[in-house]
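Text of query31.txt (compact mmCIF, C-alpha atoms (C1' of nucleotides)) as supplied:
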# COMPACT_ATOMS: atom_id res chain seq x y z
CA MET I 90 18.45 22.96 -3.11
CA PRO I 91 15.37 22.23 -5.24
CA ALA I 92 14.02 24.94 -7.49
CA PHE I 93 11.61 27.20 -5.67
CA ASN I 94 8.44 26.01 -7.30
CA ALA I 95 9.47 22.57 -8.45
CA ARG I 96 7.83 19.50 -7.01
CA SER I 97 10.46 17.22 -5.62
CA PRO I 98 10.79 14.07 -7.61
CA ILE I 99 10.95 11.33 -5.04
CA ILE I 100 12.45 8.04 -5.94
CA VAL I 101 10.10 5.65 -4.24
CA ALA I 102 12.36 2.92 -3.08
CA MET I 103 9.81 1.23 -0.93
CA PRO I 104 7.10 -0.78 -2.55
CA GLU I 105 3.78 0.85 -1.85
CA LEU I 106 0.48 -0.73 -2.78
CA PRO I 107 0.62 0.58 -6.37
CA GLU I 108 4.07 -0.84 -6.95
CA VAL I 109 3.09 -4.17 -5.43
CA GLU I 110 0.12 -4.29 -7.79
CA VAL I 111 2.26 -3.37 -10.79
CA THR I 112 4.72 -6.08 -9.75
CA ARG I 113 1.91 -8.61 -9.49
CA ARG I 114 0.65 -7.78 -12.96
CA SER I 115 4.16 -8.10 -14.35
CA PHE I 116 4.51 -11.78 -13.55
CA ALA I 117 1.14 -13.28 -12.58
CA GLU I 118 0.08 -14.49 -16.00
CA ARG I 119 3.55 -15.38 -17.16
CA ILE I 120 4.22 -17.77 -14.29
CA ALA I 121 0.71 -19.18 -13.93
CA GLY I 122 0.59 -22.83 -14.95
CA ALA I 123 4.30 -23.43 -14.43
CA GLN I 124 5.53 -26.32 -12.32
CA VAL I 125 7.89 -25.78 -9.41
CA LEU I 126 11.31 -27.31 -9.96
CA GLY I 127 13.02 -26.05 -6.84
CA VAL I 128 13.64 -23.32 -4.33
CA ARG I 129 16.86 -21.50 -3.55
CA LEU I 130 17.13 -19.63 -0.27
CA GLY I 131 19.58 -16.82 0.46
CA ALA I 132 19.97 -14.87 3.68
CA PRO I 133 17.01 -15.11 6.07
CA LEU I 134 14.09 -12.77 5.49
CA ARG I 135 11.67 -11.54 8.10
CA TRP I 136 10.31 -15.01 8.82
CA PRO I 137 11.41 -18.51 7.88
CA LEU I 138 9.79 -20.08 4.84
CA GLY I 139 7.80 -22.39 7.07
CA CYS I 140 8.17 -25.57 5.07
CA ARG I 141 10.84 -27.72 3.50
CA PRO I 142 11.79 -26.32 0.09
CA ALA I 143 11.45 -29.83 -1.31
CA ALA I 144 7.78 -29.83 -0.32
CA LEU I 145 7.08 -27.26 -3.03
CA VAL I 146 8.65 -29.23 -5.86
CA GLY I 147 6.13 -30.51 -8.38
CA ARG I 148 3.40 -28.09 -7.39
CA ARG I 149 1.57 -26.09 -10.03
CA VAL I 150 1.67 -22.31 -9.86
CA GLY I 151 -1.70 -20.55 -9.83
CA LEU I 152 -2.66 -16.93 -10.48
CA ALA I 153 -1.05 -14.47 -8.07
CA THR I 154 -3.40 -12.16 -6.18
CA ARG I 155 -2.83 -9.16 -3.94
CA ARG I 156 -4.26 -8.14 -0.59
CA GLY I 157 -2.91 -4.90 0.80
CA LYS I 158 0.81 -5.06 0.15
CA TYR I 159 0.85 -8.84 0.39
CA LEU I 160 0.99 -11.09 -2.63
CA TRP I 161 -0.43 -14.59 -2.61
CA LEU I 162 0.99 -17.13 -5.03
CA PRO I 163 -1.12 -20.31 -5.07
CA LEU I 164 0.86 -23.54 -5.38
CA VAL I 165 -1.43 -26.42 -6.20
CA ARG I 166 -0.55 -30.01 -5.48
CA ALA I 167 -2.24 -32.44 -7.83
CA GLU I 168 -0.21 -35.61 -7.33
CA PRO I 169 -0.66 -38.21 -6.20
CA PRO I 170 -4.44 -38.37 -6.67
CA GLY I 171 -6.31 -37.85 -3.43
CA THR I 172 -3.72 -35.48 -2.00
CA GLU I 173 -4.90 -32.30 -3.69
CA GLY I 174 -4.10 -29.17 -1.78
CA VAL I 175 -4.01 -25.52 -2.64
CA GLY I 176 -1.52 -23.84 -0.35
CA GLY I 177 0.81 -21.15 -1.50
CA LEU I 178 3.34 -18.50 -0.70
CA LEU I 179 2.45 -15.25 1.03
CA MET I 180 4.98 -12.66 -0.02
CA HIS I 181 5.73 -9.17 1.20
CA LEU I 182 8.30 -6.76 -0.20
CA GLY I 183 8.91 -4.94 3.06
CA MET I 184 10.33 -1.55 2.27
CA SER I 185 13.16 -2.39 -0.08
CA GLY I 186 12.09 -5.59 -1.78
CA SER I 187 11.35 -6.32 -5.40
CA LEU I 188 10.21 -9.37 -7.29
CA ALA I 189 11.33 -10.20 -10.78
CA PHE I 190 10.31 -13.07 -13.02
CA THR I 191 12.97 -14.09 -15.50
CA GLU I 192 12.40 -16.54 -18.30
CA THR I 193 14.45 -19.68 -18.12
CA GLY I 194 17.99 -19.25 -19.38
CA ALA I 195 18.41 -15.52 -18.85
CA LEU I 196 18.90 -15.44 -15.10
CA ALA I 197 21.92 -13.86 -13.44
CA PRO I 198 23.53 -15.82 -10.63
CA PRO I 199 22.12 -14.85 -7.23
CA ALA I 200 23.76 -11.75 -5.80
CA LYS I 201 24.16 -10.52 -2.25
CA HIS I 202 20.59 -9.36 -1.79
CA ASP I 203 18.79 -12.10 -3.73
CA HIS I 204 17.15 -14.08 -0.95
CA PHE I 205 14.59 -16.29 -2.61
CA ASP I 206 14.30 -18.02 -5.98
CA LEU I 207 11.26 -20.01 -7.02
CA VAL I 208 12.58 -22.06 -9.91
CA THR I 209 9.84 -23.18 -12.28
CA THR I 210 9.44 -24.70 -15.71
CA ARG I 211 8.74 -21.25 -17.13
CA GLY I 212 11.37 -19.24 -15.34
CA VAL I 213 12.54 -18.03 -11.98
CA LEU I 214 10.68 -15.73 -9.60
CA ARG I 215 13.31 -13.95 -7.55
CA LEU I 216 12.94 -11.78 -4.44
CA THR I 217 15.66 -9.16 -3.99
CA ASP I 218 15.58 -7.21 -0.74
CA PRO I 219 18.60 -5.33 0.68
CA ARG I 220 16.98 -4.59 4.04
CA ARG I 221 15.28 -7.96 4.43
CA PHE I 222 12.05 -6.61 5.88
CA GLY I 223 10.33 -8.63 3.21
CA ALA I 224 8.96 -12.13 3.59
CA VAL I 225 8.09 -15.32 1.77
CA VAL I 226 5.99 -17.62 3.90
CA TRP I 227 4.37 -20.92 3.11
CA SER I 228 0.75 -21.27 4.13
CA PRO I 229 -1.40 -24.38 3.62
CA ALA I 230 -4.25 -22.12 2.52
CA LEU I 231 -5.02 -18.44 2.13
CA ASP I 232 -7.72 -18.69 4.77
CA ALA I 233 -5.60 -20.67 7.23
CA PRO I 234 -2.65 -19.61 9.37
CA PRO I 235 -0.17 -18.15 8.91
CA ALA I 236 -1.58 -16.31 5.87
CA ALA I 237 -5.00 -15.70 7.35
CA THR I 238 -3.50 -14.41 10.58
CA LEU I 239 -1.32 -11.90 8.79
CA LEU I 240 -4.12 -10.71 6.53
CA SER I 241 -6.75 -10.58 9.25
CA ARG I 242 -5.60 -7.19 10.53
CA LEU I 243 -5.89 -5.47 7.19
CA GLY I 244 -8.51 -2.83 6.50
CA ALA I 245 -10.51 -2.47 3.30
CA GLU I 246 -8.93 -2.38 -0.12
CA PRO I 247 -8.84 1.28 -1.16
CA PHE I 248 -10.72 0.69 -4.43
CA ASP I 249 -13.28 -1.67 -2.96
CA GLU I 250 -16.68 -0.13 -3.66
CA ALA I 251 -17.91 -1.65 -0.42
CA LEU I 252 -15.81 1.00 1.29
CA THR I 253 -18.38 3.75 0.98
CA PRO I 254 -17.88 7.25 2.38
CA ALA I 255 -20.44 6.39 5.04
CA ARG I 256 -18.52 3.30 6.15
CA PHE I 257 -15.21 5.13 6.05
CA HIS I 258 -16.64 7.90 8.17
CA ALA I 259 -18.18 5.41 10.59
CA ALA I 260 -14.83 3.63 11.01
CA LEU I 261 -13.12 6.95 11.72
CA GLN I 262 -15.74 7.81 14.32
CA LEU I 263 -14.57 4.84 16.37
CA ARG I 264 -10.98 6.08 16.56
CA ARG I 265 -9.41 8.77 18.66
CA THR I 266 -5.89 8.63 17.21
CA ALA I 267 -4.56 11.19 14.72
CA VAL I 268 -5.89 10.63 11.22
CA LYS I 269 -2.39 10.29 9.73
CA THR I 270 -1.58 7.53 12.21
CA ALA I 271 -4.82 5.73 11.39
CA LEU I 272 -4.12 5.86 7.65
CA LEU I 273 -0.64 4.46 8.20
CA ALA I 274 -1.90 1.70 10.46
CA GLY I 275 -3.88 0.31 7.54
CA ASP I 276 -6.62 -1.23 9.61
CA ILE I 277 -9.35 1.00 8.17
CA VAL I 278 -8.06 1.20 4.61
CA VAL I 279 -4.84 -0.33 3.34
CA GLY I 280 -2.39 1.08 0.85
CA ALA I 281 -1.49 4.54 2.12
CA GLY I 282 2.11 4.33 3.27
CA ASN I 283 3.94 7.27 4.78
CA ILE I 284 4.32 9.20 1.54
CA TYR I 285 0.79 8.65 0.25
CA ALA I 286 -0.78 9.33 3.63
CA CYS I 287 0.96 12.73 3.72
CA GLU I 288 0.07 13.52 0.12
CA ALA I 289 -3.56 12.46 0.47
CA LEU I 290 -4.03 14.57 3.61
CA PHE I 291 -2.53 17.57 1.85
CA ALA I 292 -4.81 17.05 -1.12
CA ALA I 293 -7.79 16.81 1.22
CA GLY I 294 -6.76 19.92 3.18
CA ILE I 295 -6.80 18.02 6.45
CA ASP I 296 -4.27 18.53 9.24
CA PRO I 297 -2.57 15.17 9.89
CA ARG I 298 -2.95 15.71 13.65
CA THR I 299 -6.74 15.83 13.45
CA ARG I 300 -8.34 13.19 15.64
CA CYS I 301 -10.25 10.68 13.53
CA HIS I 302 -13.53 11.07 15.37
CA LYS I 303 -13.46 14.83 14.85
CA LEU I 304 -13.67 14.53 11.09
CA SER I 305 -17.02 15.51 9.66
CA ARG I 306 -18.73 13.29 7.17
CA PRO I 307 -17.94 15.61 4.22
CA ARG I 308 -14.27 15.81 5.19
CA ALA I 309 -14.06 12.04 5.61
CA GLU I 310 -15.59 11.65 2.17
CA ARG I 311 -13.06 14.08 0.74
CA LEU I 312 -10.21 12.22 2.41
CA LEU I 313 -11.33 8.90 0.99
CA ALA I 314 -11.51 10.42 -2.47
CA CYS I 315 -8.02 11.86 -2.07
CA VAL I 316 -6.55 8.56 -0.83
CA ARG I 317 -8.02 6.89 -3.89
CA ALA I 318 -6.82 9.60 -6.27
CA THR I 319 -3.31 9.53 -4.81
CA LEU I 320 -3.02 5.76 -5.09
CA ALA I 321 -4.54 5.75 -8.57
CA ARG I 322 -2.05 8.36 -9.74
CA ALA I 323 0.82 6.33 -8.29
CA LEU I 324 -0.49 3.23 -10.01
CA GLU I 325 -0.37 5.09 -13.32
CA LEU I 326 3.17 6.23 -12.65
CA GLY I 327 4.19 2.76 -11.50
CA GLY I 328 2.81 1.32 -14.68
CA SER I 329 4.65 3.78 -16.85
CA SER I 330 7.91 3.27 -15.01
CA LEU I 331 7.59 -0.46 -15.45
CA ARG I 332 7.37 0.10 -19.18
CA ASP I 333 10.44 2.29 -18.94
CA PHE I 334 12.14 -0.48 -17.04
CA ARG I 335 11.31 -3.02 -19.70
CA ASP I 336 12.67 -0.59 -22.26
CA ALA I 337 15.93 -0.95 -20.36
CA HIS I 338 15.99 2.59 -19.03
CA GLY I 339 15.57 2.57 -15.25
CA SER I 340 18.06 0.38 -13.52
CA ASP I 341 15.99 -0.45 -10.47
CA GLY I 342 12.41 -0.09 -11.58
CA ALA I 343 11.76 2.78 -9.17
CA TYR I 344 9.15 5.26 -10.25
CA GLN I 345 8.86 8.92 -9.54
CA LEU I 346 6.19 10.54 -7.50
CA GLU I 347 5.55 14.22 -7.65
CA ALA I 348 5.44 15.03 -3.97
CA ARG I 349 3.75 18.23 -2.85
CA VAL I 350 4.66 17.89 0.83
CA TYR I 351 6.66 14.73 1.47
CA GLY I 352 10.32 15.50 2.10
CA ARG I 353 9.75 19.23 1.59
CA ALA I 354 10.04 20.61 5.13
CA GLY I 355 10.95 24.29 5.06
CA LEU I 356 10.08 24.69 1.40
CA PRO I 357 7.10 26.85 0.46
CA CYS I 358 3.71 25.23 -0.01
CA GLU I 359 3.00 25.41 -3.71
CA ARG I 360 -0.60 26.26 -3.01
CA CYS I 361 -0.14 29.11 -0.49
CA GLY I 362 3.59 29.72 -0.08
CA THR I 363 3.69 28.95 3.63
CA ALA I 364 6.75 26.99 4.77
CA LEU I 365 5.93 23.29 4.96
CA ARG I 366 6.51 21.53 8.27
CA ARG I 367 7.84 18.19 9.40
CA ILE I 368 6.62 16.60 12.62
CA VAL I 369 6.89 13.09 14.03
CA GLN I 370 3.80 10.98 14.61
CA ALA I 371 4.04 7.40 15.83
CA GLN I 372 7.80 7.37 15.15
CA ARG I 373 7.25 8.45 11.55
CA SER I 374 7.86 11.72 9.75
CA THR I 375 4.77 13.64 8.71
CA PHE I 376 4.98 16.52 6.25
CA PHE I 377 2.19 19.06 5.89
CA CYS I 378 1.22 22.66 5.22
CA PRO I 379 0.25 24.38 8.47
CA ALA I 380 -1.92 26.85 6.56
CA CYS I 381 -3.71 24.75 3.92
CA GLN I 382 -4.41 21.77 6.14
CA LYS I 383 -7.04 22.39 8.81
CA ARG I 384 -7.94 20.55 11.97
C1' DC U 128 -8.73 -3.02 23.87
C1' DG U 129 -6.96 1.19 21.76
C1' DG U 130 -2.79 3.28 20.98
C1' DG U 131 1.86 4.07 21.07
C1' DA U 132 6.81 2.34 21.37
C1' DC U 133 10.09 -0.94 19.75
C1' DG U 134 12.99 -3.53 16.68
C1' DC U 135 14.24 -5.77 12.59
C1' DC U 136 18.07 -4.34 8.54
C1' DT U 137 21.23 -1.82 5.56
C1' DG U 138 21.98 1.99 2.07
C1' DT U 139 22.30 6.82 2.19
C1' DG U 140 23.93 11.25 3.16
C1' DA U 141 24.88 14.85 6.47
C1' DG U 142 28.42 16.32 9.39
C1' DC U 143 32.96 16.30 11.20
C1' DT P 296 38.58 12.94 1.13
C1' DG P 297 37.29 9.54 4.38
C1' DC P 298 34.92 8.10 8.27
C1' DT P 299 31.04 7.88 11.62
C1' DC P 300 26.47 7.73 12.66
C1' DA P 301 21.68 9.05 12.67
C1' DC P 302 18.01 8.24 9.77
C1' DA P 303 14.64 6.12 6.67
C1' DG P 304 10.48 2.90 6.71
C1' DG P 305 6.30 -1.56 6.94
C1' DC P 306 4.43 -3.81 10.24
C1' DG P 307 4.31 -7.60 13.78
C1' DT P 308 4.80 -7.68 18.57
C1' DC P 309 4.94 -6.10 23.06
C1' DC P 310 3.46 -3.23 26.78
C1' DC P 311 0.77 0.35 29.15
Output the file's structure as structure tokens, nothing else.
Amino acid sequence: MPAFNARSPIIVAMPELPEVEVTRRSFAERIAGAQVLGVRLGAPLRWPLGCRPAALVGRRVGLATRRGKYLWLPLVRAEPPGTEGVGGLLMHLGMSGSLAFTETGALAPPAKHDHFDLVTTRGVLRLTDPRRFGAVVWSPALDAPPAATLLSRLGAEPFDEALTPARFHAALQLRRTAVKTALLAGDIVVGAGNIYACEALFAAGIDPRTRCHKLSRPRAERLLACVRATLARALELGGSSLRDFRDAHGSDGAYQLEARVYGRAGLPCERCGTALRRIVQAQRSTFFCPACQKR
DNA sequence: CGGGACGCCTGTGAGC
DNA sequence: TGCTCACAGGCGTCCC
């Protein structure tokens, strides 16, 4: 039983947008410029790779980028002359995946849940994913299928300044579903997974069952600010945990989130003392304070 | 066409 | 103490 007033430390096993971004930063510059020597495949992931592993050999690794929770690793073909092509790997960590880049010579042999190794001249990029919801998919270009198809459904990046309060509010006006469900769906704004969606709605004082189109402009603006603040805070924590990880403390690189509502059903709201509730929306648990969060 | 249900997969932990 | 089994979740896909 957690202490009465303590926030529950939640070990975030699933990679949310902040952790994906921290992961990207951890290897992007170190692997950029390397040449692909080979690919090792383990158990199948969500989708097949989509090309022969040998087709990647000799390609030059570009700078990894992120869109939503997807990572794009450009693999440039330069030889022979006249056959230049960008192409690359679209990667997703699912809910239990992690990526680690290990300098050449220090790599452990692949274990049970290591499903993909990109062996390069600078080291090995390895995807580990116990539940195998993750994916590594070849795409001939970022703006061609299958990458473009997968990314086409994504909403705005949460920190994109083009996502103004007015645009956020306008997008919500077009929806009749519950606001929590819309946040999770990620087609208006990406990045708020189940935990962050709950936490952001609590911070904004909005009942997760509120229909999107019922939200006033000021409340929509407040929600957007809270989504951003929640993700920014997690990004800070993710960054600090990564440093801990490098210092050889954490064993799995997980970081801790101070949850005010997530996983705390029955415990008192730390703002008003009312017992927090758990409901199910779109097959997912939602945690909220029935007193602080208004429709 | 919006919106909700389903299923993939396996580690975890509650309950017997 | 050991076993069973529901549950957790991102998100593409299917169906109403």
| request: Could you list, as a PyMOL selection string, the residues of chain I having an atom within 10 Å of chain P when counting all atoms listed in the file? | output: chain I and resi 102-105+158+181-185+222-223+239+273-275+282-283+372-374
With a cut-off of 7 Å, could you pull out the residues of chain U touching chain I and give me the nearest pair of atoms for each, distance in Å to one decimal, using only C-alpha atoms (C1' of nucleotides), ordered by chain and ascending number, as a tab-separated table?
residue	atom	partner	partner_atom	distance
U:DG131	C1'	I:Ala371	CA	6.6
U:DC136	C1'	I:Arg220	CA	4.6
U:DT137	C1'	I:Arg220	CA	5.3
| So which residues touch Trp161 (chain I) within 8 Å, counting all atoms listed in the file, skipping near sequence neighbours fewer than 6 positions away, as a PyMOL selection string? | chain I and resi 153-155+177-180+231
| request: Enumerate, as a ChimeraX atom specification, the protein, DNA and RNA residues whose atoms approach (-2.4, 14.7, 1.3) to within 10 Å, taking into account all atoms listed in the file and the coordinate frame of the file. | output: /I:269,284-297,312,315-316,319,348-351,376-378,382
| said: So the first atom is CA of Pro254 (chain I) and the second is CA of Glu310 (chain I); what is the distance between them in Å, to one decimal place? | reply: 5.0 Å
Edge lengths and centre in Å, axis-aligned, region 269-286 of chain I plus 3 Å each side, as AutoDock Vina command-line options:
--center_x -2.5 --center_y 4.5 --center_z 6.2 --size_x 19.7 --size_y 17.5 --size_z 18.0
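Coordinates place CA of Arg129 (chain I) at a distance of 20.6 Å from CA of Arg113 (chain I).
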Output region 259-293 of chain I as a compact mmCIF listing (two decimals), keeping the file's coordinate frame, making sure N, CA and C atoms are there.
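Result file is part38.txt:
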# COMPACT_ATOMS: atom_id res chain seq x y z
N ALA I 259 -17.78 6.15 9.39
CA ALA I 259 -18.18 5.41 10.59
C ALA I 259 -16.97 4.77 11.26
N ALA I 260 -16.04 4.25 10.44
CA ALA I 260 -14.83 3.63 11.01
C ALA I 260 -13.98 4.69 11.70
N LEU I 261 -13.90 5.87 11.11
CA LEU I 261 -13.12 6.95 11.72
C LEU I 261 -13.74 7.41 13.04
N GLN I 262 -15.05 7.37 13.10
CA GLN I 262 -15.74 7.81 14.32
C GLN I 262 -15.35 6.98 15.54
N LEU I 263 -14.90 5.75 15.28
CA LEU I 263 -14.57 4.84 16.37
C LEU I 263 -13.14 5.04 16.88
N ARG I 264 -12.39 5.90 16.21
CA ARG I 264 -10.98 6.08 16.56
C ARG I 264 -10.70 7.45 17.13
N ARG I 265 -9.78 7.49 18.07
CA ARG I 265 -9.41 8.77 18.66
C ARG I 265 -8.00 9.19 18.26
N THR I 266 -7.27 8.33 17.59
CA THR I 266 -5.89 8.63 17.21
C THR I 266 -5.87 9.67 16.08
N ALA I 267 -4.70 10.23 15.82
CA ALA I 267 -4.56 11.19 14.72
C ALA I 267 -4.83 10.51 13.38
N VAL I 268 -5.46 11.23 12.48
CA VAL I 268 -5.89 10.63 11.22
C VAL I 268 -4.71 10.10 10.41
N LYS I 269 -3.57 10.78 10.45
CA LYS I 269 -2.39 10.29 9.73
C LYS I 269 -1.97 8.92 10.26
N THR I 270 -1.96 8.79 11.58
CA THR I 270 -1.58 7.53 12.21
C THR I 270 -2.54 6.41 11.82
N ALA I 271 -3.82 6.74 11.76
CA ALA I 271 -4.82 5.73 11.39
C ALA I 271 -4.65 5.29 9.94
N LEU I 272 -4.35 6.24 9.05
CA LEU I 272 -4.12 5.86 7.65
C LEU I 272 -2.93 4.92 7.54
N LEU I 273 -1.85 5.28 8.25
CA LEU I 273 -0.64 4.46 8.20
C LEU I 273 -0.88 3.06 8.76
N ALA I 274 -1.67 2.99 9.81
CA ALA I 274 -1.90 1.70 10.46
C ALA I 274 -2.55 0.70 9.51
N GLY I 275 -3.33 1.20 8.55
CA GLY I 275 -3.88 0.31 7.54
C GLY I 275 -4.98 -0.61 8.01
N ASP I 276 -5.56 -0.33 9.17
CA ASP I 276 -6.62 -1.23 9.61
C ASP I 276 -8.02 -0.71 9.26
N ILE I 277 -8.08 0.51 8.71
CA ILE I 277 -9.35 1.00 8.17
C ILE I 277 -9.32 0.83 6.65
N VAL I 278 -8.26 1.38 6.05
CA VAL I 278 -8.06 1.20 4.61
C VAL I 278 -6.57 0.95 4.40
N VAL I 279 -6.24 -0.01 3.59
CA VAL I 279 -4.84 -0.33 3.34
C VAL I 279 -4.30 0.48 2.16
N GLY I 280 -3.00 0.55 2.07
CA GLY I 280 -2.39 1.08 0.85
C GLY I 280 -1.72 2.43 0.97
N ALA I 281 -2.12 3.23 1.97
CA ALA I 281 -1.49 4.54 2.12
C ALA I 281 -0.30 4.43 3.05
N GLY I 282 0.89 4.35 2.49
CA GLY I 282 2.11 4.33 3.27
C GLY I 282 2.44 5.75 3.71
N ASN I 283 3.61 5.97 4.20
CA ASN I 283 3.94 7.27 4.78
C ASN I 283 3.84 8.40 3.75
N ILE I 284 4.36 8.16 2.56
CA ILE I 284 4.32 9.20 1.54
C ILE I 284 2.89 9.50 1.09
N TYR I 285 2.15 8.44 0.76
CA TYR I 285 0.79 8.65 0.25
C TYR I 285 -0.15 9.19 1.30
N ALA I 286 0.07 8.80 2.56
CA ALA I 286 -0.78 9.33 3.63
C ALA I 286 -0.58 10.84 3.72
N CYS I 287 0.68 11.29 3.67
CA CYS I 287 0.96 12.73 3.72
C CYS I 287 0.35 13.44 2.52
N GLU I 288 0.54 12.87 1.35
CA GLU I 288 0.07 13.52 0.12
C GLU I 288 -1.46 13.57 0.07
N ALA I 289 -2.09 12.50 0.50
CA ALA I 289 -3.56 12.46 0.47
C ALA I 289 -4.15 13.47 1.45
N LEU I 290 -3.54 13.60 2.62
CA LEU I 290 -4.03 14.57 3.61
C LEU I 290 -3.84 16.00 3.12
N PHE I 291 -2.74 16.24 2.42
CA PHE I 291 -2.53 17.57 1.85
C PHE I 291 -3.61 17.85 0.79
N ALA I 292 -3.81 16.87 -0.06
CA ALA I 292 -4.81 17.05 -1.12
C ALA I 292 -6.20 17.30 -0.54
N ALA I 293 -6.47 16.67 0.60
CA ALA I 293 -7.79 16.81 1.22
C ALA I 293 -7.88 18.06 2.09
